[in-house]
Amino acid sequence: MARSVESPEWGTTGADLWLAVCLRGQVIGETGLQLRSALAAQAEIGWVFAPEYAGHGYATEAARAVLAAAFGPLKVHRVYARLDADNKPSWRVCERLGMRREAYLVDSDVNPATGTWGSEYVYAMLAREFAG
């Protein structure tokens, strides 16, 4: 899996950083960060992993490394994740990271393939709350 991303330099709203997660030389997923507001120093974190690697802690480990970079050298004040409320494995990752559930957005998105409504959770953490 490879992709080319043209992104503004970090520190500019819209800049993003995506990292491949590899196991024994094979890409098993990716995790990343997008600076949603340079002024407020807020970024959104995300991850995607191949289903066969779920449940082994890889997403948690990779996301923790991204949080360390966000709250360290990238100087982000607040990191948040928006995820499907039905995606229990992802909200469990957020909780293992120590992120707090801040919102439950009911019927906030439409699945273009099915036309059905879906709800989201928003989890977040401030730099001062990150334990590393």
# chains A, B, ... in the order shown; residues from 1 in each chain; ligands from 1
>>> residues_around(residues="A:Thr60", least_positions_apart="4", cutoff="12 Å", atoms="only C-alpha atoms", output="list in words")
Val21, Gly29, Glu30, Thr31, Ile45, Gly46, Trp47, Val48, Phe49, Tyr53, Ala54, Gly55, His56, Arg64, Ala65, Val66, Leu67, Pro89, Ser90, Trp91, Arg92, Val93, Cys94, Glu95, Arg96, Leu97, Gly98 and Met99 of chain A
>>> residues_around(residues="A:Ala81", least_positions_apart="4", cutoff="6 Å", atoms="only C-alpha atoms", output="compact mmCIF listing (two decimals) with C-alpha atoms, in the first residue's frame")
# COMPACT_ATOMS: atom_id res chain seq x y z
CA GLU A 44 -7.41 14.81 14.34
CA ILE A 45 -5.89 11.35 14.73
CA VAL A 122 -15.69 12.11 19.44
CA TYR A 123 -12.80 11.31 21.76
>>> atom_distance(atom1="atom CA of A:Leu17", atom2="atom CA of A:Ala103")
24.9 Å
>>> atom_distance(atom1="atom CA of A:Gly32", atom2="atom CA of A:Ala85")
19.9 Å
>>> closest_residue(among="A:Lys88, A:Arg82, A:His77, A:Arg24", to="A:Ala41", atoms="only C-alpha atoms")
A:His77
>>> select_by_dssp(residues="stretch 57-128 of chain A", states="strand (DSSP E or B)", output="MDAnalysis selection string")
chainID A and resid 78:84 100:110 117:126
>>> write_last_selection(atoms="N, CA and C atoms", output="CSV table (one decimal), in the first residue's frame")
chain,number,residue,atom,x,y,z
A,78,ARG,N,-4.4,19.9,21.4
A,78,ARG,CA,-5.5,19.0,21.6
A,78,ARG,C,-5.6,18.1,20.4
A,79,VAL,N,-5.7,16.8,20.7
A,79,VAL,CA,-5.9,15.8,19.6
A,79,VAL,C,-7.3,15.1,19.8
A,80,TYR,N,-8.0,15.0,18.7
A,80,TYR,CA,-9.3,14.3,18.8
A,80,TYR,C,-9.5,13.2,17.7
A,81,ALA,N,-10.4,12.3,18.0
A,81,ALA,CA,-10.7,11.3,17.0
A,81,ALA,C,-12.2,11.2,16.8
A,82,ARG,N,-12.6,11.1,15.6
A,82,ARG,CA,-14.1,11.0,15.3
A,82,ARG,C,-14.2,9.6,14.7
A,83,LEU,N,-15.1,8.8,15.3
A,83,LEU,CA,-15.2,7.4,14.8
A,83,LEU,C,-16.7,7.0,14.9
A,84,ASP,N,-17.0,6.0,14.0
A,84,ASP,CA,-18.3,5.4,14.0
A,84,ASP,C,-18.6,4.8,15.4
A,100,ARG,N,-10.8,10.9,26.4
A,100,ARG,CA,-12.1,10.9,26.9
A,100,ARG,C,-13.2,11.1,25.8
A,101,ARG,N,-14.3,10.4,26.0
A,101,ARG,CA,-15.4,10.6,25.1
A,101,ARG,C,-16.1,11.9,25.4
A,102,GLU,N,-16.0,12.8,24.4
A,102,GLU,CA,-16.6,14.1,24.5
A,102,GLU,C,-17.9,14.3,23.9
A,103,ALA,N,-18.3,13.5,22.9
A,103,ALA,CA,-19.5,13.8,22.2
A,103,ALA,C,-20.0,12.5,21.6
A,104,TYR,N,-21.4,12.4,21.5
A,104,TYR,CA,-22.1,11.4,20.7
A,104,TYR,C,-22.9,12.1,19.7
A,105,LEU,N,-22.6,12.0,18.5
A,105,LEU,CA,-23.3,12.7,17.4
A,105,LEU,C,-24.2,11.7,16.7
A,106,VAL,N,-25.5,11.9,17.0
A,106,VAL,CA,-26.5,11.0,16.5
A,106,VAL,C,-26.9,11.3,15.0
A,107,ASP,N,-26.9,10.2,14.2
A,107,ASP,CA,-27.2,10.3,12.8
A,107,ASP,C,-26.5,11.5,12.1
A,108,SER,N,-25.2,11.5,12.3
A,108,SER,CA,-24.4,12.7,11.8
A,108,SER,C,-23.8,12.4,10.5
A,109,ASP,N,-23.9,11.2,10.0
A,109,ASP,CA,-23.2,10.9,8.7
A,109,ASP,C,-24.1,9.9,7.9
A,110,VAL,N,-24.0,10.0,6.6
A,110,VAL,CA,-24.7,9.0,5.7
A,110,VAL,C,-23.7,8.2,5.0
A,117,TRP,N,-28.1,6.2,7.9
A,117,TRP,CA,-27.5,7.1,8.8
A,117,TRP,C,-26.6,6.4,9.8
A,118,GLY,N,-25.5,7.0,10.2
A,118,GLY,CA,-24.6,6.5,11.2
A,118,GLY,C,-24.3,7.6,12.2
A,119,SER,N,-24.0,7.1,13.4
A,119,SER,CA,-23.7,8.0,14.5
A,119,SER,C,-22.2,8.0,14.8
A,120,GLU,N,-21.7,9.0,15.4
A,120,GLU,CA,-20.2,9.1,15.7
A,120,GLU,C,-20.0,9.4,17.2
A,121,TYR,N,-18.8,9.0,17.6
A,121,TYR,CA,-18.3,9.4,18.9
A,121,TYR,C,-17.1,10.3,18.6
A,122,VAL,N,-16.9,11.3,19.5
A,122,VAL,CA,-15.7,12.1,19.4
A,122,VAL,C,-14.9,11.9,20.7
A,123,TYR,N,-13.7,11.5,20.6
A,123,TYR,CA,-12.8,11.3,21.8
A,123,TYR,C,-11.7,12.4,21.6
A,124,ALA,N,-11.2,12.8,22.8
A,124,ALA,CA,-10.1,13.8,22.7
A,124,ALA,C,-9.2,13.7,23.9
A,125,MET,N,-8.1,14.4,23.8
A,125,MET,CA,-7.0,14.5,24.8
A,125,MET,C,-6.3,15.8,24.7
A,126,LEU,N,-5.9,16.4,25.8
A,126,LEU,CA,-5.1,17.6,25.8
A,126,LEU,C,-3.7,17.2,26.0
>>> select_by_dssp(residues="chain A", states="helix (DSSP H, G or I)", output="number ranges by chain")
A: 51-53, 58-71, 88-96, 127-129
>>> write_last_selection(atoms="C-alpha atoms", output="PDB file, in the first residue's frame")
ATOM      1  CA  PRO A  51      -8.731  -6.935   9.834  1.00  0.00           C
ATOM      2  CA  GLU A  52      -6.435  -9.911  10.372  1.00  0.00           C
ATOM      3  CA  TYR A  53      -4.201  -7.769  12.626  1.00  0.00           C
ATOM      4  CA  TYR A  58      -0.924  -2.643  16.996  1.00  0.00           C
ATOM      5  CA  ALA A  59      -3.389   0.243  16.587  1.00  0.00           C
ATOM      6  CA  THR A  60      -2.954   1.292  20.211  1.00  0.00           C
ATOM      7  CA  GLU A  61       0.836   1.166  19.979  1.00  0.00           C
ATOM      8  CA  ALA A  62       0.915   3.108  16.709  1.00  0.00           C
ATOM      9  CA  ALA A  63      -1.591   5.719  17.897  1.00  0.00           C
ATOM     10  CA  ARG A  64       0.350   6.206  21.151  1.00  0.00           C
ATOM     11  CA  ALA A  65       3.480   6.967  19.091  1.00  0.00           C
ATOM     12  CA  VAL A  66       1.518   9.490  16.997  1.00  0.00           C
ATOM     13  CA  LEU A  67       0.197  11.147  20.165  1.00  0.00           C
ATOM     14  CA  ALA A  68       3.757  11.388  21.521  1.00  0.00           C
ATOM     15  CA  ALA A  69       4.830  13.156  18.328  1.00  0.00           C
ATOM     16  CA  ALA A  70       1.748  15.390  18.354  1.00  0.00           C
ATOM     17  CA  PHE A  71       2.193  16.522  21.945  1.00  0.00           C
ATOM     18  CA  LYS A  88     -16.138  -0.712  19.244  1.00  0.00           C
ATOM     19  CA  PRO A  89     -12.517  -1.720  18.525  1.00  0.00           C
ATOM     20  CA  SER A  90     -11.634   1.884  17.612  1.00  0.00           C
ATOM     21  CA  TRP A  91     -13.338   3.443  20.595  1.00  0.00           C
ATOM     22  CA  ARG A  92     -11.597   0.888  22.797  1.00  0.00           C
ATOM     23  CA  VAL A  93      -8.259   2.095  21.334  1.00  0.00           C
ATOM     24  CA  CYS A  94      -9.195   5.664  22.306  1.00  0.00           C
ATOM     25  CA  GLU A  95     -10.035   4.564  25.825  1.00  0.00           C
ATOM     26  CA  ARG A  96      -6.793   2.572  26.204  1.00  0.00           C
ATOM     27  CA  ALA A 127      -1.341  17.792  25.760  1.00  0.00           C
ATOM     28  CA  ARG A 128      -1.268  18.188  29.553  1.00  0.00           C
ATOM     29  CA  GLU A 129      -3.230  14.919  29.910  1.00  0.00           C
TER      30      GLU A 129
END
>>> closest_residue(among="A:Gly115, A:Thr12, A:Leu35, A:Phe130", to="A:Gly72", atoms="only C-alpha atoms")
A:Phe130
>>> atom_distance(atom1="atom CA of A:Ala40", atom2="atom CA of A:Asp16")
15.5 Å
